[in-house]
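Engineer: Supplied in structure tokens, the structure appears directly below.
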Amino acid sequence: MTIVFNRARPARLLRWGVLVACLASVPACDNALDVEDPQTFSNEDLDDPAIQKTVADGVEGQFQQVLDDVIVFMSLLGDEIEDTSTWIDWADVSLGRVRGDWASAPGFATTQDELLRTRFSAIDATERFERVLGADANRSPLMAQVKTTEAWADLILGMAYCESPLEPGGERQPDTELYKQAVTKFGTALTVAQAANATEYINWGRAGRARANLLAGNYDAALTDAQAVPAQYVRLARYAEGVATTFPGNQLHQNRNRSGGLRRIWWSMVDTANNNVNPTPVQFVKDPWTQQNDSRMQVLHPRGRLGVNNSTLHYSIEKYKDRAAPIVITSKREMNLIEAEVQWRKNNFDLAIEALNRNRTTAPANLPAFSKAGAWTSQEVQARLLSERFAELFVEGHRMTDLDRFNLTARQLGTGRATKLPLSRTEILNNAAMKEGEAACPRIS
């Protein structure tokens with residue numbers, strides 16, 4: 001299934017999350033939303049059975065629509081991307097100076113608001129399907145779709161933000177509780193997907209639960225789920241040039257805004273010998289173990305190219321050189337990394353290295369395999385695990401979470417930095433269960 005949506009409108013998220021997929025002329029929508037008098041189109045009209053697929057697609061489209069935003073802010077707070085813009089909120093995040101109850105509502109706060117709206121849209125769609133489909137709801141692929149999307153919204157909330165409510169109007173809860181809730185929600189979604197024989201959502205839910213279990217510390221369960229995801233599996237968020245440009249594609253590439261680029265700690269790992277050629281050929285961040293170019297981390301730095309701030313050298317992210325380039329939500333290659341991490345935690349170092357090599361020795365990496373662990377220490381295997389996660393999941397929204405959970409922010413970026421994004425001020429001000437000044441996080445490096 002392909003869902004494409006329009007990024008053109010500033011107020012992008014509709015109340016029920018049901019129209020997003022249709023606004024960019026998705027063929028599957030056909031004329032489902034054509035009405036003679038649009039002013040009379042109501043919430044109840046969305047109960048029409050002919051519109052139910054549009055409702056489900058809209059929920060998932062809403063999730064995809066915010067995912068590209070959260071990836072940018074997570075990459076800025078981590079060690080992948082640095083600010084080269086003229087925006088104060090980008091500088092705040094890039095420098096790690098955001099704190100709990102941050103007294104403004106910048107881009108990263110809006111992104112959390114949108115994730116919370118996605119969750120609400122999924123809850124609203126669930127209630128609608130139960131009302132419209134009755135007993136068939138819990139064996140419907142449509143219900144599997146919205147339940148899986150709801151679980152993914154919770155998972156990304158936990159990865160990006162140190163605090164979130166667990167439900168609409170709920171109290172602040174730490175990211176660890178979001179992971180636990182995501183595990184439970186993925187289980188519910190999988191039950192529906194299996195009853196519906198909806199393989200698409202079985203695989204997406206299982207991959208999501210593998211990640212949620214890993215982050216929740218349920219390592220055996222994470223391993224079981226990761227191994228059950230089929231070979232070659234990948235789930236993409238899709239966009240469309242002209243109607244749906246991605247945030248990283250529009251902000252991190254030299255041909256567009258040049259608002260963020262590869263963080264300077266990696267510049268020495270890029271071979272820029274050809275950066276005076278016009279046009280400059282693609283460049284790569286090198287694999288630290290072989291010093292070979294790693295095709296998973298493509299960048300571009302024509303000699304002297306500056307960011308839009310006209311002061312910082314700009315290394316654009318070639319993964320998103322096409323503004324409509326799809327974004328990987330999850331994949332079997334991520335599952336291999338989860339398997340490697342669980343085996344490392346179990347001190348099964350050879351099995352961990354074997355799982356890492358499944359990615360290293362195949363496209364797009366095509367790098368030499370790591371040798372068997374042999375007498376390697378746990379720290380030596382961990383170093384290879386983290387470098388592979390950095391390369392394989394490059395600017396896909398994982399690295400900031402990895403730095404936080406492995407307590408590596410200070411080592412990579414220095415002390416005094418926020419290690420996660422704080423709770424949205426908009427949520428604090430509009431949620432009766434919250435008060436300003438009660439922030440328990442983010443932790444500071």
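Going through the structure tokens in order, the chains are called A, B, and so on, while each chain numbers its residues from 1 and the ligands are numbered from 1 in the order shown.
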For A:Lys319, list every protein, DNA or RNA residue within 10 Å, evaluated using only C-alpha atoms, and leave out those in the same chain fewer than 3 positions away; present the list as JSON, numbers by chain.

Structural biologist: {"A": [248, 249, 252, 253, 295, 296, 297, 298, 299, 316, 322, 323, 325, 326, 327, 394, 395, 396]}

Engineer: Please, could you write that set of residues out with N, CA and C atoms as a PDB file, in the first residue's frame?

Structural biologist:
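Result written to again.pdb:
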ATOM      1  N   PRO A 248      13.432  16.475   5.817  1.00  0.00           N
ATOM      2  CA  PRO A 248      14.870  16.340   5.580  1.00  0.00           C
ATOM      3  C   PRO A 248      15.265  16.653   4.146  1.00  0.00           C
ATOM      4  N   GLY A 249      14.433  16.264   3.180  1.00  0.00           N
ATOM      5  CA  GLY A 249      14.745  16.568   1.794  1.00  0.00           C
ATOM      6  C   GLY A 249      14.746  18.049   1.501  1.00  0.00           C
ATOM      7  N   LEU A 252      17.915  19.605   4.428  1.00  0.00           N
ATOM      8  CA  LEU A 252      19.260  19.066   4.675  1.00  0.00           C
ATOM      9  C   LEU A 252      20.091  18.899   3.415  1.00  0.00           C
ATOM     10  N   HIS A 253      19.612  19.417   2.281  1.00  0.00           N
ATOM     11  CA  HIS A 253      20.336  19.211   1.028  1.00  0.00           C
ATOM     12  C   HIS A 253      20.803  20.533   0.442  1.00  0.00           C
ATOM     13  N   SER A 295      28.535   3.309   1.742  1.00  0.00           N
ATOM     14  CA  SER A 295      27.458   3.794   0.878  1.00  0.00           C
ATOM     15  C   SER A 295      26.182   4.111   1.630  1.00  0.00           C
ATOM     16  N   ARG A 296      26.081   3.669   2.869  1.00  0.00           N
ATOM     17  CA  ARG A 296      24.890   3.966   3.663  1.00  0.00           C
ATOM     18  C   ARG A 296      24.890   5.404   4.173  1.00  0.00           C
ATOM     19  N   MET A 297      26.050   6.065   4.090  1.00  0.00           N
ATOM     20  CA  MET A 297      26.170   7.432   4.616  1.00  0.00           C
ATOM     21  C   MET A 297      26.714   8.348   3.532  1.00  0.00           C
ATOM     22  N   GLN A 298      25.876   8.653   2.567  1.00  0.00           N
ATOM     23  CA  GLN A 298      26.277   9.505   1.459  1.00  0.00           C
ATOM     24  C   GLN A 298      26.057  10.977   1.822  1.00  0.00           C
ATOM     25  N   VAL A 299      27.071  11.783   1.524  1.00  0.00           N
ATOM     26  CA  VAL A 299      26.996  13.222   1.762  1.00  0.00           C
ATOM     27  C   VAL A 299      27.549  13.942   0.539  1.00  0.00           C
ATOM     28  N   SER A 316      25.748  18.161   2.801  1.00  0.00           N
ATOM     29  CA  SER A 316      24.339  17.800   2.652  1.00  0.00           C
ATOM     30  C   SER A 316      24.153  16.287   2.745  1.00  0.00           C
ATOM     31  N   ASP A 322      16.523  13.801  -3.102  1.00  0.00           N
ATOM     32  CA  ASP A 322      15.219  13.927  -3.741  1.00  0.00           C
ATOM     33  C   ASP A 322      14.228  14.280  -2.648  1.00  0.00           C
ATOM     34  N   ARG A 323      13.558  15.416  -2.776  1.00  0.00           N
ATOM     35  CA  ARG A 323      12.648  15.859  -1.726  1.00  0.00           C
ATOM     36  C   ARG A 323      11.499  14.885  -1.486  1.00  0.00           C
ATOM     37  N   ALA A 325      12.057  11.577  -1.559  1.00  0.00           N
ATOM     38  CA  ALA A 325      12.676  10.290  -1.235  1.00  0.00           C
ATOM     39  C   ALA A 325      11.930   9.634  -0.070  1.00  0.00           C
ATOM     40  N   PRO A 326      11.621   8.356  -0.185  1.00  0.00           N
ATOM     41  CA  PRO A 326      10.933   7.681   0.920  1.00  0.00           C
ATOM     42  C   PRO A 326      11.831   7.592   2.152  1.00  0.00           C
ATOM     43  N   ILE A 327      11.214   7.459   3.294  1.00  0.00           N
ATOM     44  CA  ILE A 327      11.924   7.308   4.561  1.00  0.00           C
ATOM     45  C   ILE A 327      11.646   5.912   5.095  1.00  0.00           C
ATOM     46  N   PHE A 394      21.217   5.710   9.482  1.00  0.00           N
ATOM     47  CA  PHE A 394      21.693   7.083   9.352  1.00  0.00           C
ATOM     48  C   PHE A 394      20.557   8.048   9.029  1.00  0.00           C
ATOM     49  N   VAL A 395      20.351   9.031   9.888  1.00  0.00           N
ATOM     50  CA  VAL A 395      19.312  10.064   9.756  1.00  0.00           C
ATOM     51  C   VAL A 395      17.939   9.424   9.503  1.00  0.00           C
ATOM     52  N   GLU A 396      17.627   8.417  10.302  1.00  0.00           N
ATOM     53  CA  GLU A 396      16.306   7.787  10.264  1.00  0.00           C
ATOM     54  C   GLU A 396      15.625   7.833  11.622  1.00  0.00           C
TER      55      GLU A 396
END

Engineer: Taking only residues of stretch 231-343 of chain A that have an atom at most 8 Å from an atom of stretch 85-88 of chain A, what is each one's shortest atom pair and its distance in Å to one decimal, using only C-alpha atoms, in chain and number order, as JSON lines?

Structural biologist:
{"residue": "A:Arg258", "atom": "CA", "partner": "A:Ser85", "partner_atom": "CA", "distance": 7.0}
{"residue": "A:Ser259", "atom": "CA", "partner": "A:Ser85", "partner_atom": "CA", "distance": 4.1}
{"residue": "A:Gly260", "atom": "CA", "partner": "A:Ser85", "partner_atom": "CA", "distance": 6.3}
{"residue": "A:Gly307", "atom": "CA", "partner": "A:Ser85", "partner_atom": "CA", "distance": 6.7}
{"residue": "A:Val308", "atom": "CA", "partner": "A:Ser85", "partner_atom": "CA", "distance": 5.4}
{"residue": "A:Asn309", "atom": "CA", "partner": "A:Ser85", "partner_atom": "CA", "distance": 5.1}

Engineer: Those residues you just picked out, can you put them in a file as a short mmCIF file (atom, residue, chain, number, x, y, z; two decimals), in the first residue's frame with C-alpha atoms?

Structural biologist:
data_model
loop_
_atom_site.label_atom_id
_atom_site.label_comp_id
_atom_site.auth_asym_id
_atom_site.auth_seq_id
_atom_site.Cartn_x
_atom_site.Cartn_y
_atom_site.Cartn_z
CA ARG A 258 20.83 23.97 3.61
CA SER A 259 19.43 24.41 7.13
CA GLY A 260 21.28 21.42 8.57
CA GLY A 307 24.87 26.51 5.05
CA VAL A 308 22.08 29.04 4.77
CA ASN A 309 23.59 30.82 7.80
#

Engineer: Near A:Ser424, within 6 Å and counting only C-alpha atoms, which residues show up once chain neighbours fewer than 2 positions away are dropped, as a CSV table (one decimal) with N, CA and C atoms, in the first residue's frame?

Structural biologist:
chain,number,residue,atom,x,y,z
A,109,ALA,N,8.4,21.0,19.5
A,109,ALA,CA,7.2,20.9,20.3
A,109,ALA,C,6.0,20.6,19.4
A,426,THR,N,2.8,23.4,24.4
A,426,THR,CA,1.4,23.4,24.1
A,426,THR,C,0.6,22.4,24.8
A,427,GLU,N,1.2,21.2,25.0
A,427,GLU,CA,0.5,20.1,25.7
A,427,GLU,C,0.4,20.5,27.2

Engineer: Neighbours of stretch 152-167 of chain A within 7 Å (only C-alpha atoms; same-chain residues fewer than 2 positions away dropped), as a compact mmCIF listing (two decimals) with C-alpha atoms, in the first residue's frame?

Structural biologist:
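result.txt, freshly written:
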# COMPACT_ATOMS: atom_id res chain seq x y z
CA PHE A 63 1.79 9.31 11.07
CA MET A 74 16.16 13.92 16.71
CA LEU A 115 2.29 12.73 17.16
CA THR A 118 -1.97 11.00 15.32
CA ARG A 119 -2.67 8.87 18.37
CA THR A 148 -0.64 -0.66 14.34
CA THR A 149 -0.28 3.03 13.52
CA GLU A 150 -1.38 3.99 17.04
CA GLY A 169 -5.60 14.41 28.85
CA GLY A 170 -3.29 12.15 30.83
CA GLU A 171 -0.49 13.07 33.21
CA ARG A 172 3.19 13.29 32.29
CA GLN A 173 4.82 9.91 31.98
CA PRO A 174 8.47 9.03 31.27
CA ASP A 175 9.59 7.54 27.97
CA THR A 176 9.93 4.12 29.62
CA LEU A 178 5.60 4.87 26.45
CA TYR A 179 7.73 1.86 25.47
CA ALA A 182 3.70 0.51 22.77
CA GLY A 208 7.51 -2.34 15.74
CA ALA A 212 9.61 -1.46 21.46
CA THR A 401 17.86 7.49 21.30
CA LYS A 420 16.17 13.98 24.72
CA LEU A 421 13.53 16.45 23.59
CA PRO A 422 11.32 17.94 26.34
CA LEU A 423 7.56 17.86 26.63
CA CYS A 441 13.54 15.49 32.40
CA PRO A 442 15.35 15.61 30.01

Engineer: Which polymer residues have any atom within 10 Å of an atom of A:Asp294, counting only C-alpha atoms, with same-chain residues fewer than 3 positions away left out, as an NGL selection string?

Structural biologist: :A and (270 or 283-288 or 290-291 or 297-298 or 360 or 364-367 or 391-392)

Engineer: May I have the selected residues written with C-alpha atoms, as a compact mmCIF listing (two decimals), in the first residue's frame?

Structural biologist:
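That gives us part-v9.txt:
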# COMPACT_ATOMS: atom_id res chain seq x y z
CA VAL A 270 34.65 12.24 4.58
CA GLN A 283 31.00 11.55 -1.12
CA PHE A 284 30.74 9.19 1.82
CA VAL A 285 31.41 8.97 5.52
CA LYS A 286 34.04 6.25 5.88
CA ASP A 287 33.57 2.97 7.67
CA PRO A 288 35.79 3.32 10.79
CA THR A 290 38.23 -0.42 7.05
CA GLN A 291 38.42 3.27 6.06
CA MET A 297 26.17 7.43 4.62
CA GLN A 298 26.28 9.51 1.46
CA ARG A 360 27.72 -5.22 6.25
CA PRO A 364 23.93 -1.07 0.14
CA ALA A 365 26.93 -1.47 2.47
CA ASN A 366 28.94 -4.16 0.61
CA LEU A 367 31.74 -3.93 3.17
CA ALA A 391 25.56 3.70 9.49
CA GLU A 392 22.55 1.51 8.80

Engineer: Just checking: using only C-alpha atoms, which residue out of A:Gln64, A:Val70, A:Asp47, A:Ala375 ends up closest to A:Met400?

Structural biologist: A:Val70

Engineer: When DSSP works through the backbone of this structure, what residues of stretch 77-202 of chain A end up as strand (DSSP E or B), shown as a PyMOL selection string?

Structural biologist: chain A and resi 81-83+161+163-165+172-174

Engineer: Assign secondary structure with DSSP using the backbone only, and return the residues of stretch 144-336 of chain A in alpha helix (DSSP H) as a PyMOL selection string.

Structural biologist: chain A and resi 144-160+175-195+199-216+219-228+247-251+332-336

Engineer: Could the residues in this selection be written to a file with C-alpha atoms, as a JSON list (two decimals), in the first residue's frame?

Structural biologist:
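And here is the file that came out, out.json:
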[["chain", "number", "residue", "atom", "x", "y", "z"],
["A", 144, "ALA", "CA", -5.28, -3.65, 12.09],
["A", 145, "GLN", "CA", -3.96, -0.64, 10.18],
["A", 146, "VAL", "CA", -5.09, 1.99, 12.68],
["A", 147, "LYS", "CA", -4.14, -0.09, 15.72],
["A", 148, "THR", "CA", -0.64, -0.66, 14.34],
["A", 149, "THR", "CA", -0.28, 3.03, 13.52],
["A", 150, "GLU", "CA", -1.38, 3.99, 17.04],
["A", 151, "ALA", "CA", 1.30, 1.73, 18.51],
["A", 152, "TRP", "CA", 3.93, 3.25, 16.23],
["A", 153, "ALA", "CA", 2.92, 6.76, 17.36],
["A", 154, "ASP", "CA", 3.54, 5.76, 20.98],
["A", 155, "LEU", "CA", 6.87, 4.17, 20.09],
["A", 156, "ILE", "CA", 8.15, 7.29, 18.32],
["A", 157, "LEU", "CA", 6.89, 9.49, 21.17],
["A", 158, "GLY", "CA", 8.96, 7.41, 23.58],
["A", 159, "MET", "CA", 12.04, 7.50, 21.37],
["A", 160, "ALA", "CA", 11.98, 11.27, 20.82],
["A", 175, "ASP", "CA", 9.59, 7.54, 27.97],
["A", 176, "THR", "CA", 9.93, 4.12, 29.62],
["A", 177, "GLU", "CA", 6.17, 4.01, 30.12],
["A", 178, "LEU", "CA", 5.60, 4.87, 26.45],
["A", 179, "TYR", "CA", 7.73, 1.86, 25.47],
["A", 180, "LYS", "CA", 5.70, -0.42, 27.73],
["A", 181, "GLN", "CA", 2.44, 0.91, 26.35],
["A", 182, "ALA", "CA", 3.70, 0.51, 22.77],
["A", 183, "VAL", "CA", 4.52, -3.15, 23.46],
["A", 184, "THR", "CA", 0.97, -3.72, 24.70],
["A", 185, "LYS", "CA", -0.59, -1.85, 21.79],
["A", 186, "PHE", "CA", 1.49, -3.76, 19.25],
["A", 187, "GLY", "CA", 0.24, -6.98, 20.84],
["A", 188, "THR", "CA", -3.37, -5.84, 20.42],
["A", 189, "ALA", "CA", -2.71, -4.77, 16.84],
["A", 190, "LEU", "CA", -1.11, -8.10, 16.02],
["A", 191, "THR", "CA", -4.10, -9.98, 17.39],
["A", 192, "VAL", "CA", -6.38, -8.03, 15.04],
["A", 193, "ALA", "CA", -3.98, -8.35, 12.08],
["A", 194, "GLN", "CA", -3.72, -12.10, 12.55],
["A", 195, "ALA", "CA", -7.50, -12.45, 12.81],
["A", 199, "THR", "CA", 0.20, -9.91, 6.46],
["A", 200, "GLU", "CA", 1.14, -6.30, 5.80],
["A", 201, "TYR", "CA", 0.22, -5.28, 9.33],
["A", 202, "ILE", "CA", 1.46, -8.47, 10.94],
["A", 203, "ASN", "CA", 4.95, -7.69, 9.66],
["A", 204, "TRP", "CA", 4.78, -3.96, 10.45],
["A", 205, "GLY", "CA", 3.43, -4.67, 13.93],
["A", 206, "ARG", "CA", 5.97, -7.39, 14.65],
["A", 207, "ALA", "CA", 8.87, -5.15, 13.59],
["A", 208, "GLY", "CA", 7.51, -2.34, 15.74],
["A", 209, "ARG", "CA", 7.10, -4.62, 18.73],
["A", 210, "ALA", "CA", 10.66, -5.88, 18.28],
["A", 211, "ARG", "CA", 11.96, -2.31, 18.60],
["A", 212, "ALA", "CA", 9.61, -1.46, 21.46],
["A", 213, "ASN", "CA", 10.63, -4.60, 23.35],
["A", 214, "LEU", "CA", 14.30, -3.77, 22.83],
["A", 215, "LEU", "CA", 13.87, -0.26, 24.20],
["A", 216, "ALA", "CA", 11.73, -1.57, 27.08],
["A", 219, "TYR", "CA", 15.40, -8.65, 25.17],
["A", 220, "ASP", "CA", 14.20, -12.23, 24.62],
["A", 221, "ALA", "CA", 10.87, -10.96, 23.30],
["A", 222, "ALA", "CA", 12.68, -8.48, 21.05],
["A", 223, "LEU", "CA", 14.80, -11.29, 19.62],
["A", 224, "THR", "CA", 11.77, -13.48, 18.93],
["A", 225, "ASP", "CA", 9.94, -10.70, 17.11],
["A", 226, "ALA", "CA", 13.00, -9.58, 15.14],
["A", 227, "GLN", "CA", 13.72, -13.09, 13.91],
["A", 228, "ALA", "CA", 10.10, -13.55, 12.82],
["A", 247, "PHE", "CA", 11.37, 17.87, 5.84],
["A", 248, "PRO", "CA", 14.87, 16.34, 5.58],
["A", 249, "GLY", "CA", 14.75, 16.57, 1.79],
["A", 250, "ASN", "CA", 13.77, 20.21, 1.94],
["A", 251, "GLN", "CA", 16.14, 21.28, 4.73],
["A", 332, "LYS", "CA", 14.65, -6.50, 8.29],
["A", 333, "ARG", "CA", 18.03, -4.77, 8.35],
["A", 334, "GLU", "CA", 16.95, -3.03, 11.56],
["A", 335, "MET", "CA", 15.82, -6.41, 12.87],
["A", 336, "ASN", "CA", 19.34, -7.77, 12.23]]

Engineer: Go through A:Thr362, A:Asp101, A:Arg238, A:Leu77 one by one, measure the shortest atom-to-atom distance of each to A:Ala440 using only C-alpha atoms, and give the residue with the smallest value.

Structural biologist: A:Asp101

Engineer: Which residues, written as JSON, numbers by chain, have at least one atom at most 8 Å from A:Gly78, with only C-alpha atoms counted and residues fewer than 4 positions away on the same chain left out?

Structural biologist: {"A": [74, 94, 399, 400, 403, 409, 419]}

Engineer: Nearest to A:Asp69: which of A:Ala231, A:Gly397, A:Ala352, A:Arg97 is it, counting only C-alpha atoms?

Structural biologist: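 Looking only at the distances to A:Asp69, the closest residue turns out to be A:Gly397.
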
Engineer: Contacts of A:Ile444 at 6 Å or less, counting only C-alpha atoms, minus same-chain residues fewer than 5 places along, as an MDAnalysis selection string?

Structural biologist: chainID A and resid 416:419

Engineer: Using atom CA of A:Gln254 and atom CA of A:Val72 as the two end points, give the distance in Å to one decimal.

Structural biologist: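 Atom CA of A:Val72 lies 15.6 Å from atom CA of A:Gln254.
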
Engineer: If you measure from atom CA of A:Pro168 to atom CA of A:Leu236, what distance in Å do you get, rounded to one decimal?

Structural biologist: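 If I compute the distance from atom CA of A:Pro168 to atom CA of A:Leu236, I get 27.6 Å.
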
Engineer: Check the smallest atom-to-atom distance from each of A:Ile428, A:Ala237, A:Val98, A:Ile265 to A:Ile81 using only C-alpha atoms, then report the winner.

Structural biologist: A:Ile265

Engineer: Mind giving me the straight-line distance from atom CA of A:Arg389 to atom CA of A:Val66 in Å, one decimal?

Structural biologist: 22.7 Å

Engineer: Measuring atom to atom with only C-alpha atoms, identify which of A:Ala410, A:Thr245, A:Asp402, A:Lys435 is nearest to A:Ser387.

Structural biologist: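 Closest candidate: A:Asp402.
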